[in-house]
file structure_39.pdb (PDB, C-alpha atoms)
ATOM      1  CA  MET J   1       0.000   0.000   0.000
ATOM      2  CA  LYS J   2       2.786   2.401   0.919
ATOM      3  CA  ARG J   3       4.621   1.683  -2.317
ATOM      4  CA  ARG J   4       1.475   2.397  -4.329
ATOM      5  CA  ILE J   5       0.990   5.755  -2.590
ATOM      6  CA  PHE J   6       4.679   6.581  -3.102
ATOM      7  CA  LEU J   7       4.470   5.869  -6.841
ATOM      8  CA  LYS J   8       1.242   7.828  -7.159
ATOM      9  CA  GLY J   9       2.956  10.769  -5.439
ATOM     10  CA  THR J  10       5.913  10.596  -7.810
ATOM     11  CA  LEU J  11       3.631  10.632 -10.859
ATOM     12  CA  ALA J  12       1.732  13.675  -9.569
ATOM     13  CA  THR J  13       4.968  15.548  -8.921
ATOM     14  CA  GLY J  14       6.191  14.751 -12.414
ATOM     15  CA  THR J  15       3.034  16.158 -13.957
ATOM     16  CA  ILE J  16       3.224  19.380 -12.025
ATOM     17  CA  ALA J  17       6.913  19.791 -12.905
ATOM     18  CA  VAL J  18       6.016  19.572 -16.594
ATOM     19  CA  ALA J  19       3.138  21.989 -16.167
ATOM     20  CA  ALA J  20       5.332  24.417 -14.261
ATOM     21  CA  ALA J  21       8.097  24.193 -16.848
ATOM     22  CA  ALA J  22       5.582  24.893 -19.580
ATOM     23  CA  GLY J  23       4.536  27.977 -17.616
ATOM     24  CA  LEU J  24       1.024  26.737 -17.265
ATOM     25  CA  LEU J  25       0.746  27.583 -13.605
ATOM     26  CA  VAL J  26       1.733  31.205 -13.081
ATOM     27  CA  PRO J  27       4.077  33.084 -15.418
ATOM     28  CA  ARG J  28       7.460  33.598 -13.759
ATOM     29  CA  ARG J  29       7.656  37.241 -14.832
ATOM     30  CA  LEU J  30       4.410  37.860 -12.974
ATOM     31  CA  LEU J  31       5.802  36.276  -9.846
ATOM     32  CA  ALA J  32       9.086  38.173 -10.095
ATOM     33  CA  ALA J  33       7.290  41.464 -10.677
ATOM     34  CA  ASN J  34       5.145  40.903  -7.629
ATOM     35  CA  TRP J  35       7.936  40.338  -5.144
ATOM     36  CA  PRO J  36       7.995  43.493  -2.969
ATOM     37  CA  GLU J  37      11.710  44.240  -3.321
ATOM     38  CA  SER J  38      11.642  47.734  -1.815
ATOM     39  CA  ALA J  39       9.888  46.397   1.286
ATOM     40  CA  PHE J  40      12.487  43.658   1.725
ATOM     41  CA  ASP J  41      15.273  46.239   1.239
ATOM     42  CA  ALA J  42      13.876  48.685   3.792
ATOM     43  CA  LYS J  43      16.068  49.269   6.835
ATOM     44  CA  SER J  44      13.343  50.452   9.182
ATOM     45  CA  GLU J  45       9.906  49.137  10.087
ATOM     46  CA  ALA J  46       8.204  52.346   9.014
ATOM     47  CA  ASP J  47       9.899  52.280   5.598
ATOM     48  CA  ALA J  48       9.029  48.603   5.163
ATOM     49  CA  VAL J  49       5.357  49.171   5.932
ATOM     50  CA  LYS J  50       5.199  52.166   3.612
ATOM     51  CA  ALA J  51       6.952  50.240   0.841
ATOM     52  CA  PHE J  52       4.444  47.382   0.977
ATOM     53  CA  PHE J  53       1.171  49.093   1.848
ATOM     54  CA  GLY J  54       1.805  52.578   0.545
ATOM     55  CA  ASP J  55       1.086  55.731   2.515
ATOM     56  CA  VAL J  56      -1.744  54.362   4.618
ATOM     57  CA  GLN J  57      -2.963  54.963   8.107
ATOM     58  CA  VAL J  58      -2.175  52.102  10.461
ATOM     59  CA  VAL J  59      -4.559  51.322  13.327
ATOM     60  CA  ASP J  60      -3.990  49.011  16.257
ATOM     61  CA  SER J  61      -6.345  46.056  16.279
ATOM     62  CA  ASP J  62      -7.348  43.412  18.758
ATOM     63  CA  ALA J  63      -8.927  41.376  15.979
ATOM     64  CA  ILE J  64      -5.489  40.068  15.021
ATOM     65  CA  LYS J  65      -4.173  37.071  16.956
ATOM     66  CA  ILE J  66      -0.451  36.403  17.014
ATOM     67  CA  LYS J  67       0.690  32.969  18.106
ATOM     68  CA  ALA J  68       4.423  33.091  18.756
ATOM     69  CA  PRO J  69       6.595  31.934  21.652
ATOM     70  CA  LEU J  70       7.192  34.471  24.417
ATOM     71  CA  GLN J  71      10.749  33.211  24.387
ATOM     72  CA  ALA J  72      12.413  31.576  21.383
ATOM     73  CA  GLU J  73      15.271  29.208  22.147
ATOM     74  CA  ASN J  74      16.496  29.293  18.581
ATOM     75  CA  GLY J  75      16.363  32.622  16.781
ATOM     76  CA  ALA J  76      16.812  30.860  13.456
ATOM     77  CA  MET J  77      13.485  29.070  13.741
ATOM     78  CA  VAL J  78      10.744  31.068  15.438
ATOM     79  CA  PRO J  79       7.261  29.701  14.697
ATOM     80  CA  LEU J  80       4.668  32.355  14.014
ATOM     81  CA  LYS J  81       0.975  32.183  13.229
ATOM     82  CA  VAL J  82      -1.175  35.203  12.413
ATOM     83  CA  SER J  83      -4.920  34.905  12.274
ATOM     84  CA  THR J  84      -7.607  37.515  12.106
ATOM     85  CA  SER J  85     -11.372  37.779  12.269
ATOM     86  CA  LEU J  86     -11.332  40.936  10.163
ATOM     87  CA  ALA J  87     -13.397  40.733   7.004
ATOM     88  CA  GLY J  88     -12.049  41.312   3.509
ATOM     89  CA  VAL J  89      -8.390  40.494   4.221
ATOM     90  CA  GLU J  90      -6.174  41.463   1.303
ATOM     91  CA  ALA J  91      -2.704  41.055   2.741
ATOM     92  CA  ILE J  92      -0.784  40.118   5.863
ATOM     93  CA  ALA J  93       2.774  41.320   6.505
ATOM     94  CA  VAL J  94       5.251  40.301   9.206
ATOM     95  CA  VAL J  95       7.823  42.834  10.374
ATOM     96  CA  VAL J  96      10.512  42.260  13.018
ATOM     97  CA  GLU J  97      11.582  45.702  14.222
ATOM     98  CA  LYS J  98      15.085  44.796  15.373
ATOM     99  CA  ASN J  99      16.096  42.633  12.390
ATOM    100  CA  PRO J 100      18.658  44.275  10.070
ATOM    101  CA  ALA J 101      15.978  44.123   7.362
ATOM    102  CA  PRO J 102      12.707  44.331   9.333
ATOM    103  CA  TYR J 103      10.380  43.119   6.550
ATOM    104  CA  VAL J 104      10.343  39.336   6.856
ATOM    105  CA  THR J 105       7.444  37.927   4.857
ATOM    106  CA  SER J 106       3.950  38.663   3.640
ATOM    107  CA  VAL J 107       1.059  37.059   1.868
ATOM    108  CA  GLN J 108      -1.425  38.494  -0.600
ATOM    109  CA  VAL J 109      -4.803  36.933  -0.129
ATOM    110  CA  MET J 110      -7.446  36.752  -2.846
ATOM    111  CA  ALA J 111     -11.043  35.594  -2.743
ATOM    112  CA  GLY J 112     -10.754  31.951  -1.895
ATOM    113  CA  ALA J 113      -8.283  32.304   0.967
ATOM    114  CA  GLY J 114      -8.769  33.549   4.506
ATOM    115  CA  GLY J 115      -7.033  35.651   7.122
ATOM    116  CA  LEU J 116      -4.418  33.184   8.302
ATOM    117  CA  TYR J 117      -0.709  32.958   7.687
ATOM    118  CA  SER J 118       1.757  30.750   9.466
ATOM    119  CA  THR J 119       5.477  30.336   8.961
ATOM    120  CA  ARG J 120       8.850  30.188  10.762
ATOM    121  CA  ILE J 121      11.107  33.211  10.865
ATOM    122  CA  LYS J 122      14.637  34.234  11.785
ATOM    123  CA  MET J 123      15.153  36.809  14.490
ATOM    124  CA  GLY J 124      18.509  38.391  15.271
ATOM    125  CA  GLN J 125      17.598  39.436  18.804
ATOM    126  CA  THR J 126      14.707  40.071  21.155
ATOM    127  CA  SER J 127      12.268  42.259  19.305
ATOM    128  CA  PRO J 128       8.634  43.129  18.823
ATOM    129  CA  VAL J 129       7.107  41.093  16.015
ATOM    130  CA  SER J 130       4.408  43.100  14.279
ATOM    131  CA  CYS J 131       1.718  41.726  12.042
ATOM    132  CA  TYR J 132       0.000  44.122   9.682
ATOM    133  CA  VAL J 133      -3.275  43.140   8.057
ATOM    134  CA  LYS J 134      -4.809  45.044   5.175
ATOM    135  CA  ALA J 135      -8.537  44.559   5.388
ATOM    136  CA  GLY J 136     -11.507  46.678   4.461
ATOM    137  CA  GLY J 137      -9.277  49.368   2.989
ATOM    138  CA  LYS J 138      -7.375  49.969   6.246
ATOM    139  CA  VAL J 139      -4.149  48.555   7.641
ATOM    140  CA  HIS J 140      -4.535  47.003  11.072
ATOM    141  CA  LYS J 141      -1.658  46.092  13.343
ATOM    142  CA  ALA J 142      -0.926  43.867  16.294
ATOM    143  CA  SER J 143       2.398  43.224  17.943
ATOM    144  CA  GLN J 144       4.070  40.825  20.357
ATOM    145  CA  ILE J 145       7.533  40.864  21.854
ATOM    146  CA  VAL J 146       9.493  37.661  21.303
ATOM    147  CA  LYS J 147      12.543  37.150  23.463
ATOM    148  CA  VAL J 148      15.465  35.533  21.689
ATOM    149  CA  THR J 149      18.274  33.801  23.563
ATOM    150  CA  VAL J 150      20.398  32.760  20.559
ATOM    151  CA  GLY J 151      20.149  35.075  17.532
ATOM    152  CA  GLY J 152      19.326  33.528  14.179
ATOM    153  CA  CYS J 153      20.649  35.777  11.460
ATOM    154  CA  GLY J 154      23.864  33.807  11.009
ATOM    155  CA  GLY J 155      26.016  36.873  10.548
TER     156      GLY J 155
ATOM    157  CA  MET Z   1      11.954  15.938  -6.966
ATOM    158  CA  ALA Z   2      10.705  15.647  -3.428
ATOM    159  CA  SER Z   3      11.565  19.206  -2.449
ATOM    160  CA  THR Z   4       7.965  20.311  -1.971
ATOM    161  CA  LYS Z   5       5.458  18.631   0.308
ATOM    162  CA  MET Z   6       1.871  19.647   0.936
ATOM    163  CA  LYS Z   7      -0.676  18.615   3.537
ATOM    164  CA  ILE Z   8      -4.300  19.663   3.599
ATOM    165  CA  LYS Z   9      -6.365  19.523   6.768
ATOM    166  CA  LYS Z  10      -9.990  20.397   7.288
ATOM    167  CA  ASP Z  11     -10.362  23.520   9.427
ATOM    168  CA  LYS Z  12     -13.166  24.078  11.921
ATOM    169  CA  SER Z  13     -14.068  27.285  10.083
ATOM    170  CA  GLY Z  14     -15.288  25.122   7.212
ATOM    171  CA  GLY Z  15     -12.367  25.644   4.892
ATOM    172  CA  HIS Z  16      -9.057  23.830   4.713
ATOM    173  CA  LEU Z  17      -5.601  24.543   6.089
ATOM    174  CA  VAL Z  18      -2.934  24.151   3.420
ATOM    175  CA  MET Z  19       0.534  23.477   4.804
ATOM    176  CA  VAL Z  20       3.512  23.534   2.432
ATOM    177  CA  LEU Z  21       7.069  22.490   3.239
ATOM    178  CA  VAL Z  22       9.756  23.511   0.767
ATOM    179  CA  LYS Z  23      13.187  22.001   1.268
ATOM    180  CA  HIS Z  24      15.384  25.053   0.778
ATOM    181  CA  PRO Z  25      18.543  26.447   2.440
ATOM    182  CA  MET Z  26      17.147  30.022   2.712
ATOM    183  CA  GLU Z  27      20.684  31.468   2.848
ATOM    184  CA  THR Z  28      20.790  35.095   3.942
ATOM    185  CA  GLY Z  29      24.087  35.828   2.246
ATOM    186  CA  ASN Z  30      25.676  36.585   5.630
ATOM    187  CA  ARG Z  31      26.754  33.117   6.643
ATOM    188  CA  LYS Z  32      30.433  32.310   6.205
ATOM    189  CA  ASP Z  33      31.342  28.899   4.894
ATOM    190  CA  LYS Z  34      33.491  27.280   7.587
ATOM    191  CA  LYS Z  35      35.940  25.732   5.134
ATOM    192  CA  SER Z  36      36.518  28.552   2.657
ATOM    193  CA  GLY Z  37      35.837  31.459   5.007
ATOM    194  CA  LYS Z  38      33.819  33.052   2.197
ATOM    195  CA  LYS Z  39      30.238  34.237   2.522
ATOM    196  CA  VAL Z  40      27.664  31.843   1.150
ATOM    197  CA  PRO Z  41      25.626  33.808  -1.426
ATOM    198  CA  ALA Z  42      21.997  34.579  -0.667
ATOM    199  CA  HIS Z  43      19.705  31.833  -1.909
ATOM    200  CA  PHE Z  44      16.105  31.953  -0.790
ATOM    201  CA  VAL Z  45      12.556  31.238  -1.888
ATOM    202  CA  GLN Z  46      10.893  34.457  -2.991
ATOM    203  CA  THR Z  47       7.358  33.507  -3.914
ATOM    204  CA  ILE Z  48       4.930  30.706  -3.209
ATOM    205  CA  VAL Z  49       1.713  30.723  -5.217
ATOM    206  CA  PHE Z  50      -1.283  28.776  -3.969
ATOM    207  CA  SER Z  51      -3.969  27.763  -6.483
ATOM    208  CA  HIS Z  52      -7.350  26.204  -5.841
ATOM    209  CA  ASN Z  53      -8.976  24.447  -8.805
ATOM    210  CA  GLY Z  54      -6.671  26.367 -11.137
ATOM    211  CA  GLU Z  55      -7.298  29.800  -9.655
ATOM    212  CA  VAL Z  56      -4.643  31.647  -7.679
ATOM    213  CA  VAL Z  57      -5.956  32.246  -4.158
ATOM    214  CA  ALA Z  58      -2.852  33.391  -2.320
ATOM    215  CA  GLN Z  59       0.667  34.494  -3.017
ATOM    216  CA  ALA Z  60       3.267  34.449  -0.241
ATOM    217  CA  HIS Z  61       6.384  36.620  -0.427
ATOM    218  CA  LEU Z  62       9.398  35.244   1.371
ATOM    219  CA  GLY Z  63      12.761  36.767   2.115
ATOM    220  CA  PRO Z  64      16.044  35.537   3.585
ATOM    221  CA  ALA Z  65      14.675  36.049   7.117
ATOM    222  CA  VAL Z  66      12.281  33.164   6.679
ATOM    223  CA  SER Z  67      13.708  30.036   8.291
ATOM    224  CA  LYS Z  68      15.429  27.224   6.412
ATOM    225  CA  ASN Z  69      13.001  24.731   4.876
ATOM    226  CA  PRO Z  70      10.097  27.159   4.966
ATOM    227  CA  LEU Z  71       6.895  25.718   6.333
ATOM    228  CA  THR Z  72       4.073  27.952   5.157
ATOM    229  CA  GLN Z  73       0.402  27.661   5.967
ATOM    230  CA  ILE Z  74      -2.640  29.460   4.607
ATOM    231  CA  LEU Z  75      -6.375  28.976   4.951
ATOM    232  CA  LEU Z  76      -8.461  27.981   1.964
ATOM    233  CA  THR Z  77     -12.102  29.051   2.066
ATOM    234  CA  GLY Z  78     -14.958  27.547   0.049
ATOM    235  CA  SER Z  79     -13.021  24.348  -0.509
ATOM    236  CA  LYS Z  80     -14.519  20.888  -0.601
ATOM    237  CA  SER Z  81     -13.567  17.284  -1.058
ATOM    238  CA  GLY Z  82     -12.258  16.520  -4.533
ATOM    239  CA  ASP Z  83     -10.895  20.011  -5.184
ATOM    240  CA  THR Z  84      -7.341  20.405  -6.449
ATOM    241  CA  VAL Z  85      -4.785  22.522  -4.644
ATOM    242  CA  ALA Z  86      -1.450  23.372  -6.263
ATOM    243  CA  VAL Z  87       1.572  25.267  -4.988
ATOM    244  CA  HIS Z  88       4.397  26.663  -7.081
ATOM    245  CA  TRP Z  89       7.468  28.396  -5.688
ATOM    246  CA  THR Z  90      10.349  30.327  -7.230
ATOM    247  CA  ASP Z  91      13.614  31.498  -5.653
ATOM    248  CA  ASN Z  92      16.074  34.325  -6.242
ATOM    249  CA  LYS Z  93      18.240  32.126  -8.466
ATOM    250  CA  GLY Z  94      15.376  31.324 -10.818
ATOM    251  CA  GLN Z  95      14.873  27.827  -9.476
ATOM    252  CA  SER Z  96      11.362  26.618  -8.865
ATOM    253  CA  GLY Z  97       9.302  23.720  -7.736
ATOM    254  CA  GLY Z  98       5.827  22.768  -6.732
ATOM    255  CA  THR Z  99       3.327  20.094  -6.089
ATOM    256  CA  GLU Z 100      -0.349  19.390  -6.397
ATOM    257  CA  THR Z 101      -2.807  17.369  -4.402
ATOM    258  CA  ALA Z 102      -6.517  16.768  -4.012
ATOM    259  CA  VAL Z 103      -8.599  17.775  -1.030
ATOM    260  CA  LYS Z 104      -9.793  14.581   0.645
TER     261      LYS Z 104
END
call {"tool": "encode", "arguments": {"input": "structure_39.pdb", "output": "structure tokens"}}
result
Amino acid sequence: MKRRIFLKGTLATGTIAVAAAAGLLVPRRLLAANWPESAFDAKSEADAVKAFFGDVQVVDSDAIKIKAPLQAENGAMVPLKVSTSLAGVEAIAVVVEKNPAPYVTSVQVMAGAGGLYSTRIKMGQTSPVSCYVKAGGKVHKASQIVKVTVGGCGG
Amino acid sequence: MASTKMKIKKDKSGGHLVMVLVKHPMETGNRKDKKSGKKVPAHFVQTIVFSHNGEVVAQAHLGPAVSKNPLTQILLTGSKSGDTVAVHWTDNKGQSGGTETAVK
């Protein structure tokens, strides 16, 4: 049974590789154009937020839940989950104030996906981790301090 | 190529949680190789595109501050058994990968 599932998995992967190579999924130029380079290059949280969301007003929100450890043993692997009950979520961005490049990751959400984003991030030192959610035309923010004992930027 | 794995779990909200694991070094460009003493060039996943029945529903942007072997999760709404979910990722060196699976 396991062998059958393994083979089936291999076949499926092969198909998708062909489809991807043929550019049937999403054109690479579209993906490349969408990557928010100026946000990732920003050296301050404020610049990062402006680069991704534009010149928008940011409001604090208690409708955003951040699930992250109060203390991370390994700064190279900090689990983070953002969820929100806000309606009409368009994007979620994660910014770590004290990282050399504060903008860590974001997700653009279209109809068909909800207000949840989970990943693992690197933190150089103890810092507030802020999650910005664009919903209903406004940018909402929630923040949590994560203590880091061993920094994870590898520098 | 088993560098992309996906798991789909039903969520109590009615939709499905899509969890994707991409095997990737996510090098920041700051780490020094212990043998050569030279900096290992930045090599990281930049984009992960999630599609549901052929339509793009989410696009994640990743940078070098995302941990090695990024494990990314989003929530699919309006999904049901039999639907197809696909993920496709690209990195800063032009490499890419992906996988596809059906919602149980």
call {"tool": "resolve_selection", "arguments": {"input": "structure_39.pdb", "expression": "the PyMOL selection byres ((chain Z and resi 94) around 10)", "output": "list in words"}}
result
Arg28 and Ala32 of chain J; His43, Val45, Gln46, Trp89, Thr90, Asp91, Asn92, Lys93, Gln95 and Ser96 of chain Z
call {"tool": "closest_atom_pairs", "arguments": {"input": "structure_39.pdb", "of": "chain Z", "to": "chain J", "cutoff": "7 Å", "atoms": "only C-alpha atoms", "output": "Markdown table"}}
result
| residue | atom | partner | partner_atom | distance |
| --- | --- | --- | --- | --- |
| Z:Asn30 | CA | J:Gly155 | CA | 4.9 |
| Z:Arg31 | CA | J:Gly154 | CA | 5.3 |
| Z:Gln46 | CA | J:Trp35 | CA | 6.9 |
| Z:Thr47 | CA | J:Leu31 | CA | 6.7 |
| Z:Val57 | CA | J:Met110 | CA | 4.9 |
| Z:Ala58 | CA | J:Val109 | CA | 4.6 |
| Z:Gln59 | CA | J:Gln108 | CA | 5.1 |
| Z:Ala60 | CA | J:Val107 | CA | 4.0 |
| Z:His61 | CA | J:Ser106 | CA | 5.2 |
| Z:Leu62 | CA | J:Thr105 | CA | 4.8 |
| Z:Gly63 | CA | J:Val104 | CA | 5.9 |
| Z:Ala65 | CA | J:Lys122 | CA | 5.0 |
| Z:Val66 | CA | J:Ile121 | CA | 4.3 |
| Z:Ser67 | CA | J:Ile121 | CA | 4.8 |
| Z:Pro70 | CA | J:Arg120 | CA | 6.7 |
| Z:Leu71 | CA | J:Thr119 | CA | 5.5 |
| Z:Thr72 | CA | J:Thr119 | CA | 4.7 |
| Z:Gln73 | CA | J:Ser118 | CA | 4.9 |
| Z:Ile74 | CA | J:Tyr117 | CA | 5.0 |
| Z:Leu75 | CA | J:Gly114 | CA | 5.2 |
| Z:Leu76 | CA | J:Ala113 | CA | 4.4 |
| Z:Thr77 | CA | J:Gly112 | CA | 5.1 |
| Z:Gly78 | CA | J:Gly112 | CA | 6.4 |
| Z:Gly97 | CA | J:Ala17 | CA | 6.9 |
| Z:Gly98 | CA | J:Ile16 | CA | 6.8 |
| Z:Thr99 | CA | J:Thr13 | CA | 5.6 |
| Z:Glu100 | CA | J:Ile16 | CA | 6.7 |
call {"tool": "atom_distance", "arguments": {"input": "structure_39.pdb", "atom1": "CA of Val40 (chain Z)", "atom2": "CA of Glu27 (chain Z)"}}
result
7.2 Å
call {"tool": "resolve_selection", "arguments": {"input": "structure_39.pdb", "expression": "the PyMOL selection byres ((chain Z and resi 21) around 8)", "output": "ChimeraX atom specification"}}
result
/Z:3-6,19-20,22-23,69-72
call {"tool": "resolve_selection", "arguments": {"input": "structure_39.pdb", "expression": "the PyMOL selection byres ((chain J and resi 143) around 6)", "output": "PyMOL selection string"}}
result
chain J and resi 129-130+142+144
call {"tool": "atom_distance", "arguments": {"input": "structure_39.pdb", "atom1": "CA of Asp62 (chain J)", "atom2": "CA of Lys50 (chain J)"}}
result
21.5 Å
call {"tool": "closest_residue", "arguments": {"input": "structure_39.pdb", "among": "J:Thr84, J:Tyr132, J:Val146, J:Lys138", "to": "Glu45 (chain J)", "atoms": "all atoms listed in the file"}}
result
J:Tyr132
call {"tool": "atom_distance", "arguments": {"input": "structure_39.pdb", "atom1": "CA of Thr28 (chain Z)", "atom2": "CA of Lys141 (chain J)"}}
result
26.7 Å
call {"tool": "build_atoms", "arguments": {"input": "structure_39.pdb", "residues": "region 64-93 of chain Z", "atoms": "N, CA and C atoms", "output": "JSON list (two decimals), in the frame of the given file"}}
result
[["chain", "number", "residue", "atom", "x", "y", "z"],
["Z", 64, "PRO", "N", 15.02, 36.34, 2.91],
["Z", 64, "PRO", "CA", 16.04, 35.54, 3.58],
["Z", 64, "PRO", "C", 15.83, 35.38, 5.09],
["Z", 65, "ALA", "N", 14.94, 36.19, 5.68],
["Z", 65, "ALA", "CA", 14.68, 36.05, 7.12],
["Z", 65, "ALA", "C", 13.60, 35.01, 7.43],
["Z", 66, "VAL", "N", 13.18, 34.29, 6.42],
["Z", 66, "VAL", "CA", 12.28, 33.16, 6.68],
["Z", 66, "VAL", "C", 13.19, 31.96, 6.93],
["Z", 67, "SER", "N", 12.85, 31.15, 7.90],
["Z", 67, "SER", "CA", 13.71, 30.04, 8.29],
["Z", 67, "SER", "C", 13.96, 29.02, 7.19],
["Z", 68, "LYS", "N", 15.05, 28.30, 7.32],
["Z", 68, "LYS", "CA", 15.43, 27.22, 6.41],
["Z", 68, "LYS", "C", 14.28, 26.22, 6.33],
["Z", 69, "ASN", "N", 14.10, 25.67, 5.14],
["Z", 69, "ASN", "CA", 13.00, 24.73, 4.88],
["Z", 69, "ASN", "C", 11.66, 25.35, 5.28],
["Z", 70, "PRO", "N", 11.30, 26.42, 4.59],
["Z", 70, "PRO", "CA", 10.10, 27.16, 4.97],
["Z", 70, "PRO", "C", 8.85, 26.29, 5.01],
["Z", 71, "LEU", "N", 8.15, 26.42, 6.12],
["Z", 71, "LEU", "CA", 6.90, 25.72, 6.33],
["Z", 71, "LEU", "C", 5.82, 26.80, 6.37],
["Z", 72, "THR", "N", 5.04, 26.87, 5.31],
["Z", 72, "THR", "CA", 4.07, 27.95, 5.16],
["Z", 72, "THR", "C", 2.66, 27.41, 5.18],
["Z", 73, "GLN", "N", 1.78, 28.11, 5.86],
["Z", 73, "GLN", "CA", 0.40, 27.66, 5.97],
["Z", 73, "GLN", "C", -0.57, 28.79, 5.68],
["Z", 74, "ILE", "N", -1.58, 28.49, 4.86],
["Z", 74, "ILE", "CA", -2.64, 29.46, 4.61],
["Z", 74, "ILE", "C", -3.98, 28.76, 4.80],
["Z", 75, "LEU", "N", -5.05, 29.55, 4.78],
["Z", 75, "LEU", "CA", -6.38, 28.98, 4.95],
["Z", 75, "LEU", "C", -7.16, 29.12, 3.66],
["Z", 76, "LEU", "N", -7.65, 28.00, 3.17],
["Z", 76, "LEU", "CA", -8.46, 27.98, 1.96],
["Z", 76, "LEU", "C", -9.92, 28.07, 2.38],
["Z", 77, "THR", "N", -10.69, 28.97, 1.75],
["Z", 77, "THR", "CA", -12.10, 29.05, 2.07],
["Z", 77, "THR", "C", -12.90, 28.50, 0.89],
["Z", 78, "GLY", "N", -14.12, 28.06, 1.13],
["Z", 78, "GLY", "CA", -14.96, 27.55, 0.05],
["Z", 78, "GLY", "C", -14.40, 26.31, -0.63],
["Z", 79, "SER", "N", -13.61, 25.54, 0.09],
["Z", 79, "SER", "CA", -13.02, 24.35, -0.51],
["Z", 79, "SER", "C", -13.81, 23.11, -0.08],
["Z", 80, "LYS", "N", -13.81, 22.11, -0.96],
["Z", 80, "LYS", "CA", -14.52, 20.89, -0.60],
["Z", 80, "LYS", "C", -13.77, 19.67, -1.12],
["Z", 81, "SER", "N", -14.19, 18.54, -0.68],
["Z", 81, "SER", "CA", -13.57, 17.28, -1.06],
["Z", 81, "SER", "C", -13.55, 17.13, -2.57],
["Z", 82, "GLY", "N", -12.38, 16.71, -3.09],
["Z", 82, "GLY", "CA", -12.26, 16.52, -4.53],
["Z", 82, "GLY", "C", -11.61, 17.69, -5.24],
["Z", 83, "ASP", "N", -11.55, 18.84, -4.58],
["Z", 83, "ASP", "CA", -10.90, 20.01, -5.18],
["Z", 83, "ASP", "C", -9.40, 19.76, -5.32],
["Z", 84, "THR", "N", -8.78, 20.52, -6.25],
["Z", 84, "THR", "CA", -7.34, 20.40, -6.45],
["Z", 84, "THR", "C", -6.65, 21.64, -5.89],
["Z", 85, "VAL", "N", -5.58, 21.40, -5.15],
["Z", 85, "VAL", "CA", -4.78, 22.52, -4.64],
["Z", 85, "VAL", "C", -3.37, 22.35, -5.18],
["Z", 86, "ALA", "N", -2.81, 23.42, -5.74],
["Z", 86, "ALA", "CA", -1.45, 23.37, -6.26],
["Z", 86, "ALA", "C", -0.63, 24.49, -5.65],
["Z", 87, "VAL", "N", 0.66, 24.21, -5.44],
["Z", 87, "VAL", "CA", 1.57, 25.27, -4.99],
["Z", 87, "VAL", "C", 2.76, 25.30, -5.93],
["Z", 88, "HIS", "N", 3.24, 26.48, -6.21],
["Z", 88, "HIS", "CA", 4.40, 26.66, -7.08],
["Z", 88, "HIS", "C", 5.29, 27.73, -6.47],
["Z", 89, "TRP", "N", 6.57, 27.42, -6.28],
["Z", 89, "TRP", "CA", 7.47, 28.40, -5.69],
["Z", 89, "TRP", "C", 8.62, 28.72, -6.63],
["Z", 90, "THR", "N", 9.17, 29.93, -6.47],
["Z", 90, "THR", "CA", 10.35, 30.33, -7.23],
["Z", 90, "THR", "C", 11.33, 30.97, -6.25],
["Z", 91, "ASP", "N", 12.64, 30.87, -6.55],
["Z", 91, "ASP", "CA", 13.61, 31.50, -5.65],
["Z", 91, "ASP", "C", 14.43, 32.54, -6.39],
["Z", 92, "ASN", "N", 15.34, 33.19, -5.67],
["Z", 92, "ASN", "CA", 16.07, 34.33, -6.24],
["Z", 92, "ASN", "C", 17.11, 33.91, -7.28],
["Z", 93, "LYS", "N", 17.31, 32.59, -7.44],
["Z", 93, "LYS", "CA", 18.24, 32.13, -8.47],
["Z", 93, "LYS", "C", 17.48, 31.60, -9.68]]
